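Listing of input_38.csv; format and content: CSV, N, CA and C atoms.
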```csv
chain,number,residue,atom,x,y,z
K,1,MET,N,-54.6,-36.6,-26.3
K,1,MET,CA,-55.3,-35.4,-26.5
K,1,MET,C,-54.4,-34.3,-27.0
K,2,ARG,N,-54.9,-33.6,-28.0
K,2,ARG,CA,-54.2,-32.4,-28.6
K,2,ARG,C,-54.2,-31.3,-27.6
K,3,SER,N,-53.3,-30.4,-27.8
K,3,SER,CA,-53.2,-29.2,-26.9
K,3,SER,C,-54.1,-28.1,-27.4
K,4,ILE,N,-54.5,-27.3,-26.4
K,4,ILE,CA,-55.3,-26.1,-26.7
K,4,ILE,C,-54.4,-24.9,-26.5
K,5,PHE,N,-54.4,-24.0,-27.4
K,5,PHE,CA,-53.5,-22.8,-27.3
K,5,PHE,C,-54.3,-21.7,-26.4
K,6,VAL,N,-53.6,-21.1,-25.5
K,6,VAL,CA,-54.1,-20.1,-24.7
K,6,VAL,C,-53.7,-18.7,-25.2
K,7,ASP,N,-54.6,-17.9,-25.6
K,7,ASP,CA,-54.4,-16.5,-26.1
K,7,ASP,C,-54.5,-15.5,-25.0
K,8,THR,N,-54.0,-14.3,-25.3
K,8,THR,CA,-54.0,-13.2,-24.4
K,8,THR,C,-55.4,-12.8,-24.0
K,9,GLY,N,-56.3,-12.6,-24.9
K,9,GLY,CA,-57.7,-12.1,-24.6
K,9,GLY,C,-58.4,-13.1,-23.6
K,10,PHE,N,-58.2,-14.4,-23.7
K,10,PHE,CA,-58.9,-15.3,-22.8
K,10,PHE,C,-58.4,-15.1,-21.4
K,11,ILE,N,-57.1,-15.0,-21.2
K,11,ILE,CA,-56.6,-14.8,-19.8
K,11,ILE,C,-57.0,-13.4,-19.3
K,12,VAL,N,-56.9,-12.4,-20.1
K,12,VAL,CA,-57.4,-11.1,-19.7
K,12,VAL,C,-58.9,-11.1,-19.2
K,13,ALA,N,-59.7,-11.8,-20.0
K,13,ALA,CA,-61.1,-11.9,-19.7
K,13,ALA,C,-61.3,-12.7,-18.4
K,14,LEU,N,-60.6,-13.8,-18.3
K,14,LEU,CA,-60.7,-14.6,-17.1
K,14,LEU,C,-60.3,-13.9,-15.8
K,15,GLU,N,-59.3,-13.1,-15.9
K,15,GLU,CA,-58.7,-12.4,-14.8
K,15,GLU,C,-59.3,-11.0,-14.5
K,16,SER,N,-60.0,-10.5,-15.4
K,16,SER,CA,-60.6,-9.2,-15.2
K,16,SER,C,-62.1,-9.2,-15.2
K,17,VAL,N,-62.7,-9.0,-14.0
K,17,VAL,CA,-64.1,-9.0,-13.8
K,17,VAL,C,-64.8,-8.0,-14.6
K,18,THR,N,-64.2,-6.9,-15.0
K,18,THR,CA,-64.8,-5.9,-15.8
K,18,THR,C,-64.7,-6.1,-17.3
K,19,ASP,N,-64.0,-7.1,-17.7
K,19,ASP,CA,-63.9,-7.5,-19.2
K,19,ASP,C,-65.3,-8.0,-19.7
K,20,GLN,N,-65.6,-7.5,-20.9
K,20,GLN,CA,-66.9,-7.9,-21.5
K,20,GLN,C,-67.0,-9.4,-21.7
K,21,ASN,N,-65.9,-10.2,-21.8
K,21,ASN,CA,-66.0,-11.6,-22.0
K,21,ASN,C,-65.7,-12.4,-20.7
K,22,HIS,N,-65.7,-11.7,-19.5
K,22,HIS,CA,-65.3,-12.4,-18.3
K,22,HIS,C,-66.3,-13.6,-18.0
K,23,GLU,N,-67.5,-13.4,-18.1
K,23,GLU,CA,-68.5,-14.4,-17.8
K,23,GLU,C,-68.3,-15.7,-18.7
K,24,LYS,N,-68.1,-15.5,-20.0
K,24,LYS,CA,-67.9,-16.6,-20.9
K,24,LYS,C,-66.6,-17.3,-20.6
K,25,ALA,N,-65.6,-16.6,-20.3
K,25,ALA,CA,-64.3,-17.2,-20.0
K,25,ALA,C,-64.4,-18.0,-18.7
K,26,SER,N,-65.0,-17.4,-17.7
K,26,SER,CA,-65.2,-18.1,-16.4
K,26,SER,C,-66.0,-19.4,-16.5
K,27,GLN,N,-67.0,-19.3,-17.3
K,27,GLN,CA,-67.9,-20.5,-17.5
K,27,GLN,C,-67.1,-21.6,-18.2
K,28,LEU,N,-66.3,-21.3,-19.2
K,28,LEU,CA,-65.5,-22.3,-19.9
K,28,LEU,C,-64.4,-22.8,-19.0
K,29,TRP,N,-63.8,-21.9,-18.3
K,29,TRP,CA,-62.7,-22.3,-17.4
K,29,TRP,C,-63.2,-23.3,-16.4
K,30,SER,N,-64.4,-23.1,-15.8
K,30,SER,CA,-65.0,-24.1,-14.9
K,30,SER,C,-65.1,-25.5,-15.5
K,31,VAL,N,-65.5,-25.5,-16.7
K,31,VAL,CA,-65.7,-26.8,-17.4
K,31,VAL,C,-64.3,-27.4,-17.7
K,32,LEU,N,-63.4,-26.6,-18.1
K,32,LEU,CA,-62.0,-27.1,-18.4
K,32,LEU,C,-61.3,-27.7,-17.2
K,33,LEU,N,-61.6,-27.1,-16.0
K,33,LEU,CA,-60.9,-27.6,-14.8
K,33,LEU,C,-61.3,-29.0,-14.4
K,34,LYS,N,-62.4,-29.4,-14.9
K,34,LYS,CA,-62.9,-30.8,-14.6
K,34,LYS,C,-62.0,-31.9,-15.3
K,35,ASP,N,-61.5,-31.5,-16.4
K,35,ASP,CA,-60.6,-32.4,-17.2
K,35,ASP,C,-59.6,-31.6,-18.0
K,36,LEU,N,-58.7,-31.1,-17.2
K,36,LEU,CA,-57.7,-30.1,-17.7
K,36,LEU,C,-57.0,-30.6,-18.9
K,37,PRO,N,-57.1,-29.9,-20.1
K,37,PRO,CA,-56.4,-30.3,-21.3
K,37,PRO,C,-55.0,-29.8,-21.2
K,38,VAL,N,-54.2,-30.3,-22.1
K,38,VAL,CA,-52.8,-29.8,-22.3
K,38,VAL,C,-52.9,-28.4,-22.9
K,39,MET,N,-52.4,-27.4,-22.2
K,39,MET,CA,-52.5,-26.0,-22.7
K,39,MET,C,-51.1,-25.5,-23.1
K,40,VAL,N,-51.1,-24.7,-24.2
K,40,VAL,CA,-49.8,-24.2,-24.7
K,40,VAL,C,-50.0,-22.7,-24.9
K,41,THR,N,-49.0,-21.9,-24.6
K,41,THR,CA,-48.9,-20.5,-24.9
K,41,THR,C,-47.5,-20.1,-25.2
K,42,THR,N,-47.3,-18.8,-25.4
K,42,THR,CA,-45.9,-18.4,-25.7
K,42,THR,C,-45.5,-17.3,-24.8
K,43,THR,N,-44.2,-17.0,-24.8
K,43,THR,CA,-43.7,-15.9,-24.0
K,43,THR,C,-44.2,-14.6,-24.6
K,44,TYR,N,-44.5,-14.5,-25.9
K,44,TYR,CA,-45.1,-13.3,-26.4
K,44,TYR,C,-46.5,-13.0,-25.9
K,45,VAL,N,-47.3,-14.1,-25.7
K,45,VAL,CA,-48.6,-14.0,-25.2
K,45,VAL,C,-48.5,-13.5,-23.7
K,46,ILE,N,-47.6,-14.1,-23.0
K,46,ILE,CA,-47.4,-13.7,-21.6
K,46,ILE,C,-47.0,-12.3,-21.5
K,47,ASP,N,-46.1,-11.8,-22.4
K,47,ASP,CA,-45.7,-10.4,-22.5
K,47,ASP,C,-47.0,-9.5,-22.7
K,48,GLU,N,-47.9,-9.9,-23.6
K,48,GLU,CA,-49.1,-9.1,-23.8
K,48,GLU,C,-49.9,-9.0,-22.6
K,49,ILE,N,-50.1,-10.2,-21.9
K,49,ILE,CA,-50.9,-10.2,-20.7
K,49,ILE,C,-50.4,-9.3,-19.6
K,50,VAL,N,-49.1,-9.5,-19.3
K,50,VAL,CA,-48.5,-8.7,-18.2
K,50,VAL,C,-48.5,-7.2,-18.6
K,51,THR,N,-48.2,-6.9,-19.8
K,51,THR,CA,-48.2,-5.5,-20.3
K,51,THR,C,-49.6,-4.9,-20.1
K,52,PHE,N,-50.7,-5.7,-20.5
K,52,PHE,CA,-52.0,-5.2,-20.3
K,52,PHE,C,-52.3,-4.8,-18.9
K,53,PHE,N,-52.1,-5.7,-18.0
K,53,PHE,CA,-52.4,-5.5,-16.6
K,53,PHE,C,-51.6,-4.4,-16.0
K,54,ASN,N,-50.3,-4.3,-16.3
K,54,ASN,CA,-49.4,-3.3,-15.9
K,54,ASN,C,-49.9,-1.9,-16.4
K,55,SER,N,-50.3,-1.8,-17.6
K,55,SER,CA,-50.8,-0.6,-18.2
K,55,SER,C,-52.1,-0.1,-17.6
K,56,CYS,N,-52.8,-1.0,-16.9
K,56,CYS,CA,-54.0,-0.6,-16.2
K,56,CYS,C,-53.7,-0.3,-14.7
K,57,SER,N,-52.4,-0.1,-14.4
K,57,SER,CA,-52.0,0.2,-13.0
K,57,SER,C,-52.2,-1.0,-12.1
K,58,ARG,N,-52.1,-2.2,-12.6
K,58,ARG,CA,-52.3,-3.4,-11.8
K,58,ARG,C,-51.0,-4.2,-11.9
K,59,HIS,N,-49.9,-3.6,-11.5
K,59,HIS,CA,-48.6,-4.3,-11.5
K,59,HIS,C,-48.6,-5.6,-10.7
K,60,ALA,N,-49.1,-5.6,-9.5
K,60,ALA,CA,-49.1,-6.8,-8.7
K,60,ALA,C,-49.9,-7.9,-9.4
K,61,LYS,N,-51.0,-7.6,-10.1
K,61,LYS,CA,-51.8,-8.6,-10.8
K,61,LYS,C,-51.0,-9.1,-12.0
K,62,ALA,N,-50.3,-8.2,-12.7
K,62,ALA,CA,-49.5,-8.6,-13.8
K,62,ALA,C,-48.4,-9.6,-13.4
K,63,VAL,N,-47.8,-9.3,-12.3
K,63,VAL,CA,-46.7,-10.2,-11.7
K,63,VAL,C,-47.3,-11.6,-11.3
K,64,GLU,N,-48.5,-11.5,-10.6
K,64,GLU,CA,-49.2,-12.7,-10.2
K,64,GLU,C,-49.5,-13.7,-11.4
K,65,ILE,N,-50.1,-13.1,-12.4
K,65,ILE,CA,-50.5,-13.9,-13.5
K,65,ILE,C,-49.3,-14.4,-14.3
K,66,GLY,N,-48.3,-13.5,-14.5
K,66,GLY,CA,-47.1,-14.0,-15.2
K,66,GLY,C,-46.4,-15.1,-14.5
K,67,ASN,N,-46.3,-15.0,-13.2
K,67,ASN,CA,-45.7,-16.1,-12.4
K,67,ASN,C,-46.5,-17.4,-12.5
K,68,ARG,N,-47.8,-17.2,-12.4
K,68,ARG,CA,-48.7,-18.4,-12.4
K,68,ARG,C,-48.6,-19.1,-13.7
K,69,LEU,N,-48.6,-18.4,-14.8
K,69,LEU,CA,-48.4,-19.0,-16.2
K,69,LEU,C,-47.1,-19.7,-16.3
K,70,MET,N,-46.0,-18.9,-16.0
K,70,MET,CA,-44.7,-19.5,-16.2
K,70,MET,C,-44.3,-20.6,-15.3
K,71,ASN,N,-45.0,-20.7,-14.1
K,71,ASN,CA,-44.7,-21.8,-13.2
K,71,ASN,C,-45.7,-22.9,-13.2
K,72,SER,N,-46.7,-22.8,-14.1
K,72,SER,CA,-47.8,-23.8,-14.1
K,72,SER,C,-47.3,-25.1,-14.7
K,73,ARG,N,-47.8,-26.2,-14.1
K,73,ARG,CA,-47.5,-27.5,-14.7
K,73,ARG,C,-48.5,-27.9,-15.8
K,74,SER,N,-49.6,-27.1,-15.8
K,74,SER,CA,-50.6,-27.3,-16.8
K,74,SER,C,-50.4,-26.6,-18.1
K,75,VAL,N,-49.5,-25.6,-18.1
K,75,VAL,CA,-49.3,-24.8,-19.3
K,75,VAL,C,-47.9,-24.9,-19.8
K,76,GLN,N,-47.8,-25.3,-21.0
K,76,GLN,CA,-46.5,-25.4,-21.7
K,76,GLN,C,-46.2,-24.1,-22.3
K,77,VAL,N,-45.1,-23.4,-21.8
K,77,VAL,CA,-44.8,-22.1,-22.4
K,77,VAL,C,-43.7,-22.2,-23.4
K,78,ILE,N,-44.0,-21.8,-24.6
K,78,ILE,CA,-43.0,-21.9,-25.7
K,78,ILE,C,-42.2,-20.6,-25.8
K,79,HIS,N,-40.9,-20.7,-25.7
K,79,HIS,CA,-40.1,-19.5,-25.7
K,79,HIS,C,-39.8,-19.2,-27.2
K,80,ILE,N,-40.0,-17.9,-27.5
K,80,ILE,CA,-39.8,-17.5,-28.9
K,80,ILE,C,-38.3,-17.3,-29.2
K,81,ASP,N,-37.8,-18.1,-30.1
K,81,ASP,CA,-36.4,-17.9,-30.5
K,81,ASP,C,-36.3,-17.3,-31.9
K,82,LYS,N,-35.2,-17.2,-32.4
K,82,LYS,CA,-35.0,-16.6,-33.7
K,82,LYS,C,-35.8,-17.4,-34.8
K,83,GLY,N,-35.7,-18.7,-34.7
K,83,GLY,CA,-36.4,-19.6,-35.7
K,83,GLY,C,-37.9,-19.3,-35.7
K,84,LEU,N,-38.5,-19.3,-34.6
K,84,LEU,CA,-40.0,-19.1,-34.5
K,84,LEU,C,-40.3,-17.7,-34.9
K,85,PHE,N,-39.5,-16.7,-34.5
K,85,PHE,CA,-39.7,-15.3,-34.9
K,85,PHE,C,-39.7,-15.2,-36.4
K,86,ASP,N,-38.7,-15.8,-37.0
K,86,ASP,CA,-38.5,-15.7,-38.5
K,86,ASP,C,-39.7,-16.3,-39.2
K,87,LYS,N,-40.2,-17.5,-38.7
K,87,LYS,CA,-41.4,-18.1,-39.3
K,87,LYS,C,-42.6,-17.2,-39.1
K,88,GLY,N,-42.8,-16.6,-37.9
K,88,GLY,CA,-43.9,-15.7,-37.7
K,88,GLY,C,-43.8,-14.5,-38.6
K,89,TRP,N,-42.6,-14.0,-38.8
K,89,TRP,CA,-42.4,-12.8,-39.7
K,89,TRP,C,-42.7,-13.2,-41.1
K,90,GLN,N,-42.4,-14.4,-41.6
K,90,GLN,CA,-42.7,-14.8,-42.9
K,90,GLN,C,-44.2,-14.9,-43.1
K,91,TYR,N,-44.9,-15.5,-42.1
K,91,TYR,CA,-46.3,-15.6,-42.1
K,91,TYR,C,-47.0,-14.3,-42.1
K,92,PHE,N,-46.5,-13.4,-41.3
K,92,PHE,CA,-47.0,-12.0,-41.3
K,92,PHE,C,-46.9,-11.3,-42.7
K,93,GLN,N,-45.8,-11.5,-43.3
K,93,GLN,CA,-45.6,-10.9,-44.7
K,93,GLN,C,-46.5,-11.5,-45.7
K,94,GLN,N,-46.8,-12.7,-45.6
K,94,GLN,CA,-47.7,-13.4,-46.6
K,94,GLN,C,-49.2,-13.1,-46.4
K,95,HIS,N,-49.5,-12.4,-45.4
K,95,HIS,CA,-51.0,-12.1,-45.1
K,95,HIS,C,-51.2,-10.6,-45.0
K,96,ALA,N,-50.9,-9.9,-46.0
K,96,ALA,CA,-51.1,-8.5,-46.1
K,96,ALA,C,-52.6,-8.1,-46.0
K,97,ASP,N,-53.5,-9.1,-46.4
K,97,ASP,CA,-54.9,-8.8,-46.4
K,97,ASP,C,-55.5,-8.9,-45.0
K,98,LYS,N,-54.7,-9.3,-44.0
K,98,LYS,CA,-55.3,-9.5,-42.6
K,98,LYS,C,-54.6,-8.4,-41.7
K,99,THR,N,-55.2,-8.2,-40.6
K,99,THR,CA,-54.7,-7.3,-39.6
K,99,THR,C,-54.0,-8.1,-38.4
K,100,TYR,N,-53.4,-9.2,-38.7
K,100,TYR,CA,-52.8,-10.0,-37.7
K,100,TYR,C,-51.6,-9.3,-37.1
K,101,SER,N,-51.4,-9.5,-35.8
K,101,SER,CA,-50.3,-9.0,-35.1
K,101,SER,C,-49.1,-10.0,-35.2
K,102,MET,N,-47.9,-9.6,-34.9
K,102,MET,CA,-46.8,-10.5,-35.0
K,102,MET,C,-47.1,-11.6,-33.9
K,103,THR,N,-47.6,-11.3,-32.8
K,103,THR,CA,-47.9,-12.3,-31.8
K,103,THR,C,-48.9,-13.3,-32.3
K,104,ASP,N,-49.9,-12.8,-33.0
K,104,ASP,CA,-50.9,-13.7,-33.7
K,104,ASP,C,-50.2,-14.7,-34.6
K,105,CYS,N,-49.3,-14.1,-35.5
K,105,CYS,CA,-48.7,-15.0,-36.5
K,105,CYS,C,-47.8,-16.0,-35.8
K,106,ILE,N,-47.1,-15.6,-34.8
K,106,ILE,CA,-46.2,-16.6,-34.1
K,106,ILE,C,-47.1,-17.6,-33.4
K,107,SER,N,-48.2,-17.2,-32.8
K,107,SER,CA,-49.1,-18.1,-32.2
K,107,SER,C,-49.6,-19.2,-33.2
K,108,PHE,N,-50.0,-18.7,-34.4
K,108,PHE,CA,-50.5,-19.7,-35.4
K,108,PHE,C,-49.4,-20.7,-35.8
K,109,ILE,N,-48.1,-20.2,-35.9
K,109,ILE,CA,-47.0,-21.2,-36.2
K,109,ILE,C,-46.9,-22.2,-35.1
K,110,VAL,N,-46.9,-21.7,-33.8
K,110,VAL,CA,-46.8,-22.6,-32.7
K,110,VAL,C,-47.9,-23.6,-32.7
K,111,MET,N,-49.1,-23.1,-32.9
K,111,MET,CA,-50.3,-24.0,-33.0
K,111,MET,C,-50.1,-25.1,-34.0
K,112,LYS,N,-49.7,-24.8,-35.2
K,112,LYS,CA,-49.4,-25.8,-36.2
K,112,LYS,C,-48.4,-26.8,-35.8
K,113,GLU,N,-47.3,-26.3,-35.3
K,113,GLU,CA,-46.2,-27.1,-34.9
K,113,GLU,C,-46.5,-28.0,-33.7
K,114,GLN,N,-47.4,-27.6,-32.8
K,114,GLN,CA,-47.9,-28.4,-31.7
K,114,GLN,C,-49.1,-29.3,-32.0
K,115,GLY,N,-49.6,-29.1,-33.2
K,115,GLY,CA,-50.8,-29.9,-33.5
K,115,GLY,C,-52.1,-29.4,-32.9
K,116,SER,N,-52.1,-28.1,-32.4
K,116,SER,CA,-53.3,-27.5,-31.8
K,116,SER,C,-54.3,-27.1,-32.8
K,117,GLU,N,-55.5,-27.5,-32.7
K,117,GLU,CA,-56.6,-27.1,-33.6
K,117,GLU,C,-57.5,-26.0,-33.0
K,118,SER,N,-57.4,-25.8,-31.7
K,118,SER,CA,-58.3,-24.9,-30.9
K,118,SER,C,-57.5,-24.0,-30.1
K,119,ALA,N,-58.1,-22.8,-29.9
K,119,ALA,CA,-57.5,-21.8,-29.0
K,119,ALA,C,-58.5,-21.2,-28.1
K,120,LEU,N,-58.1,-21.0,-26.9
K,120,LEU,CA,-58.9,-20.3,-25.9
K,120,LEU,C,-58.7,-18.8,-26.2
K,121,SER,N,-59.7,-18.2,-26.9
K,121,SER,CA,-59.4,-16.8,-27.4
K,121,SER,C,-60.8,-16.2,-27.8
K,122,PHE,N,-60.7,-14.9,-27.8
K,122,PHE,CA,-61.9,-14.1,-28.3
K,122,PHE,C,-61.5,-13.3,-29.5
K,123,ASP,N,-60.4,-13.7,-30.1
K,123,ASP,CA,-59.8,-13.0,-31.2
K,123,ASP,C,-60.2,-13.7,-32.5
K,124,LYS,N,-60.9,-12.9,-33.4
K,124,LYS,CA,-61.4,-13.4,-34.7
K,124,LYS,C,-60.3,-13.9,-35.6
K,125,HIS,N,-59.1,-13.4,-35.3
K,125,HIS,CA,-57.9,-13.8,-36.2
K,125,HIS,C,-57.6,-15.3,-36.2
K,126,PHE,N,-57.9,-15.9,-35.0
K,126,PHE,CA,-57.7,-17.4,-35.0
K,126,PHE,C,-58.6,-18.1,-35.9
K,127,THR,N,-59.9,-17.7,-36.0
K,127,THR,CA,-60.8,-18.2,-36.9
K,127,THR,C,-60.4,-18.0,-38.3
K,128,GLN,N,-60.0,-16.7,-38.6
K,128,GLN,CA,-59.6,-16.4,-40.0
K,128,GLN,C,-58.4,-17.3,-40.4
K,129,ALA,N,-57.5,-17.7,-39.5
K,129,ALA,CA,-56.4,-18.5,-39.8
K,129,ALA,C,-56.7,-20.0,-39.8
K,130,GLY,N,-58.0,-20.3,-39.6
K,130,GLY,CA,-58.4,-21.7,-39.8
K,130,GLY,C,-58.5,-22.5,-38.5
K,131,PHE,N,-58.4,-21.9,-37.4
K,131,PHE,CA,-58.5,-22.6,-36.1
K,131,PHE,C,-59.8,-22.5,-35.5
K,132,LYS,N,-60.1,-23.4,-34.6
K,132,LYS,CA,-61.4,-23.4,-33.8
K,132,LYS,C,-61.1,-22.5,-32.6
K,133,VAL,N,-62.1,-21.7,-32.2
K,133,VAL,CA,-62.0,-20.8,-31.1
K,133,VAL,C,-63.0,-21.3,-30.0
K,134,LEU,N,-62.5,-21.4,-28.8
K,134,LEU,CA,-63.3,-21.6,-27.6
K,134,LEU,C,-63.3,-20.4,-26.7
K,135,PRO,N,-64.3,-19.9,-26.1
K,135,PRO,CA,-65.7,-20.4,-26.2
K,135,PRO,C,-66.4,-20.1,-27.5
```

Please go through the file and, once you have read it, give me the structure as structure tokens.
Amino acid sequence: MRSIFVDTGFIVALESVTDQNHEKASQLWSVLLKDLPVMVTTTYVIDEIVTFFNSCSRHAKAVEIGNRLMNSRSVQVIHIDKGLFDKGWQYFQQHADKTYSMTDCISFIVMKEQGSESALSFDKHFTQAGFKVLP
């Protein structure tokens, strides 16, 4: 089975009951738990997640989620090194017509390298980049 990339917005929606996409994320997560796929994310995505919760004055939640992701046996965390950063920067420069973030660009590179065709995300940029988005 190919891996599924886990993006910031999905985890934020799953973990925050006030998020507009919480219900969709929770429903999909319930389905995924029955046959847990190989999931991949990056240290940059984890950075965005913990920064989000910390900026909402939810430091304990940020720490909890960060630890859960980094210690999960179900999630492969890709550490961003200079090589991946440089590839992401090149991708970013080549897509001036898009509003991709650097984290998006690095995520796309990781997805291609991991053979991931799908992302757990609510971000339209994944679709623009040619990936399938779940839900």

Gap from atom N of Gly66 in chain K to atom C of Lys98 in chain K - Å, one decimal: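 A separation of 28.4 Å between them.
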
Using only the atoms of range 118-121 of chain K listed in the file, plus 3 Å on each side, state the axis-aligned box centre and edge lengths in Å rounded to one decimal, as lines of an AutoDock Vina configuration file.
```
center_x = -59.1
center_y = -21.0
center_z = -28.8
size_x = 9.4
size_y = 15.6
size_z = 11.8
```

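Coordinates place CA of Phe10 in chain K at a distance of 4.9 Å from CA of Ser121 in chain K.
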
Among chain K, which ones does DSSP place in strand (DSSP E or B), written as a JSON list (two decimals) with N, CA and C atoms, keeping the file's coordinate frame?
```json
[["chain", "number", "residue", "atom", "x", "y", "z"],
["K", 4, "ILE", "N", -54.50, -27.30, -26.40],
["K", 4, "ILE", "CA", -55.30, -26.10, -26.70],
["K", 4, "ILE", "C", -54.40, -24.90, -26.50],
["K", 5, "PHE", "N", -54.40, -24.00, -27.40],
["K", 5, "PHE", "CA", -53.50, -22.80, -27.30],
["K", 5, "PHE", "C", -54.30, -21.70, -26.40],
["K", 6, "VAL", "N", -53.60, -21.10, -25.50],
["K", 6, "VAL", "CA", -54.10, -20.10, -24.70],
["K", 6, "VAL", "C", -53.70, -18.70, -25.20],
["K", 39, "MET", "N", -52.40, -27.40, -22.20],
["K", 39, "MET", "CA", -52.50, -26.00, -22.70],
["K", 39, "MET", "C", -51.10, -25.50, -23.10],
["K", 40, "VAL", "N", -51.10, -24.70, -24.20],
["K", 40, "VAL", "CA", -49.80, -24.20, -24.70],
["K", 40, "VAL", "C", -50.00, -22.70, -24.90],
["K", 41, "THR", "N", -49.00, -21.90, -24.60],
["K", 41, "THR", "CA", -48.90, -20.50, -24.90],
["K", 41, "THR", "C", -47.50, -20.10, -25.20],
["K", 42, "THR", "N", -47.30, -18.80, -25.40],
["K", 42, "THR", "CA", -45.90, -18.40, -25.70],
["K", 42, "THR", "C", -45.50, -17.30, -24.80],
["K", 75, "VAL", "N", -49.50, -25.60, -18.10],
["K", 75, "VAL", "CA", -49.30, -24.80, -19.30],
["K", 75, "VAL", "C", -47.90, -24.90, -19.80],
["K", 76, "GLN", "N", -47.80, -25.30, -21.00],
["K", 76, "GLN", "CA", -46.50, -25.40, -21.70],
["K", 76, "GLN", "C", -46.20, -24.10, -22.30],
["K", 77, "VAL", "N", -45.10, -23.40, -21.80],
["K", 77, "VAL", "CA", -44.80, -22.10, -22.40],
["K", 77, "VAL", "C", -43.70, -22.20, -23.40],
["K", 78, "ILE", "N", -44.00, -21.80, -24.60],
["K", 78, "ILE", "CA", -43.00, -21.90, -25.70],
["K", 78, "ILE", "C", -42.20, -20.60, -25.80],
["K", 118, "SER", "N", -57.40, -25.80, -31.70],
["K", 118, "SER", "CA", -58.30, -24.90, -30.90],
["K", 118, "SER", "C", -57.50, -24.00, -30.10],
["K", 119, "ALA", "N", -58.10, -22.80, -29.90],
["K", 119, "ALA", "CA", -57.50, -21.80, -29.00],
["K", 119, "ALA", "C", -58.50, -21.20, -28.10],
["K", 120, "LEU", "N", -58.10, -21.00, -26.90],
["K", 120, "LEU", "CA", -58.90, -20.30, -25.90],
["K", 120, "LEU", "C", -58.70, -18.80, -26.20],
["K", 132, "LYS", "N", -60.10, -23.40, -34.60],
["K", 132, "LYS", "CA", -61.40, -23.40, -33.80],
["K", 132, "LYS", "C", -61.10, -22.50, -32.60],
["K", 133, "VAL", "N", -62.10, -21.70, -32.20],
["K", 133, "VAL", "CA", -62.00, -20.80, -31.10],
["K", 133, "VAL", "C", -63.00, -21.30, -30.00],
["K", 134, "LEU", "N", -62.50, -21.40, -28.80],
["K", 134, "LEU", "CA", -63.30, -21.60, -27.60],
["K", 134, "LEU", "C", -63.30, -20.40, -26.70]]
```

Test item: residues at most 8 Å from Ile46 in chain K, only N, CA and C atoms, excluding those fewer than 3 positions along its chain, as a VMD selection string: chain K and resid 6 to 8 41 to 43 49 to 52 65 to 66 69 to 70

Selected residues written out with N, CA and C atoms, as a PDB file, in the coordinates of the input:
```pdb
ATOM      1  N   VAL K   6     -53.600 -21.100 -25.500  1.00  0.00           N
ATOM      2  CA  VAL K   6     -54.100 -20.100 -24.700  1.00  0.00           C
ATOM      3  C   VAL K   6     -53.700 -18.700 -25.200  1.00  0.00           C
ATOM      4  N   ASP K   7     -54.600 -17.900 -25.600  1.00  0.00           N
ATOM      5  CA  ASP K   7     -54.400 -16.500 -26.100  1.00  0.00           C
ATOM      6  C   ASP K   7     -54.500 -15.500 -25.000  1.00  0.00           C
ATOM      7  N   THR K   8     -54.000 -14.300 -25.300  1.00  0.00           N
ATOM      8  CA  THR K   8     -54.000 -13.200 -24.400  1.00  0.00           C
ATOM      9  C   THR K   8     -55.400 -12.800 -24.000  1.00  0.00           C
ATOM     10  N   THR K  41     -49.000 -21.900 -24.600  1.00  0.00           N
ATOM     11  CA  THR K  41     -48.900 -20.500 -24.900  1.00  0.00           C
ATOM     12  C   THR K  41     -47.500 -20.100 -25.200  1.00  0.00           C
ATOM     13  N   THR K  42     -47.300 -18.800 -25.400  1.00  0.00           N
ATOM     14  CA  THR K  42     -45.900 -18.400 -25.700  1.00  0.00           C
ATOM     15  C   THR K  42     -45.500 -17.300 -24.800  1.00  0.00           C
ATOM     16  N   THR K  43     -44.200 -17.000 -24.800  1.00  0.00           N
ATOM     17  CA  THR K  43     -43.700 -15.900 -24.000  1.00  0.00           C
ATOM     18  C   THR K  43     -44.200 -14.600 -24.600  1.00  0.00           C
ATOM     19  N   ILE K  49     -50.100 -10.200 -21.900  1.00  0.00           N
ATOM     20  CA  ILE K  49     -50.900 -10.200 -20.700  1.00  0.00           C
ATOM     21  C   ILE K  49     -50.400  -9.300 -19.600  1.00  0.00           C
ATOM     22  N   VAL K  50     -49.100  -9.500 -19.300  1.00  0.00           N
ATOM     23  CA  VAL K  50     -48.500  -8.700 -18.200  1.00  0.00           C
ATOM     24  C   VAL K  50     -48.500  -7.200 -18.600  1.00  0.00           C
ATOM     25  N   THR K  51     -48.200  -6.900 -19.800  1.00  0.00           N
ATOM     26  CA  THR K  51     -48.200  -5.500 -20.300  1.00  0.00           C
ATOM     27  C   THR K  51     -49.600  -4.900 -20.100  1.00  0.00           C
ATOM     28  N   PHE K  52     -50.700  -5.700 -20.500  1.00  0.00           N
ATOM     29  CA  PHE K  52     -52.000  -5.200 -20.300  1.00  0.00           C
ATOM     30  C   PHE K  52     -52.300  -4.800 -18.900  1.00  0.00           C
ATOM     31  N   ILE K  65     -50.100 -13.100 -12.400  1.00  0.00           N
ATOM     32  CA  ILE K  65     -50.500 -13.900 -13.500  1.00  0.00           C
ATOM     33  C   ILE K  65     -49.300 -14.400 -14.300  1.00  0.00           C
ATOM     34  N   GLY K  66     -48.300 -13.500 -14.500  1.00  0.00           N
ATOM     35  CA  GLY K  66     -47.100 -14.000 -15.200  1.00  0.00           C
ATOM     36  C   GLY K  66     -46.400 -15.100 -14.500  1.00  0.00           C
ATOM     37  N   LEU K  69     -48.600 -18.400 -14.800  1.00  0.00           N
ATOM     38  CA  LEU K  69     -48.400 -19.000 -16.200  1.00  0.00           C
ATOM     39  C   LEU K  69     -47.100 -19.700 -16.300  1.00  0.00           C
ATOM     40  N   MET K  70     -46.000 -18.900 -16.000  1.00  0.00           N
ATOM     41  CA  MET K  70     -44.700 -19.500 -16.200  1.00  0.00           C
ATOM     42  C   MET K  70     -44.300 -20.600 -15.300  1.00  0.00           C
TER      43      MET K  70
END
```

DSSP-assigned alpha helix (DSSP H) among range 6-93 of chain K, expressed as a PyMOL selection string: chain K and resi 8-15+22-34+43-55+59-71+82-93

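Counting only N, CA and C atoms and comparing K:Val45, K:Val63, K:Ile78, K:Cys105, the residue that lies closest to Phe92 in chain K is K:Cys105.
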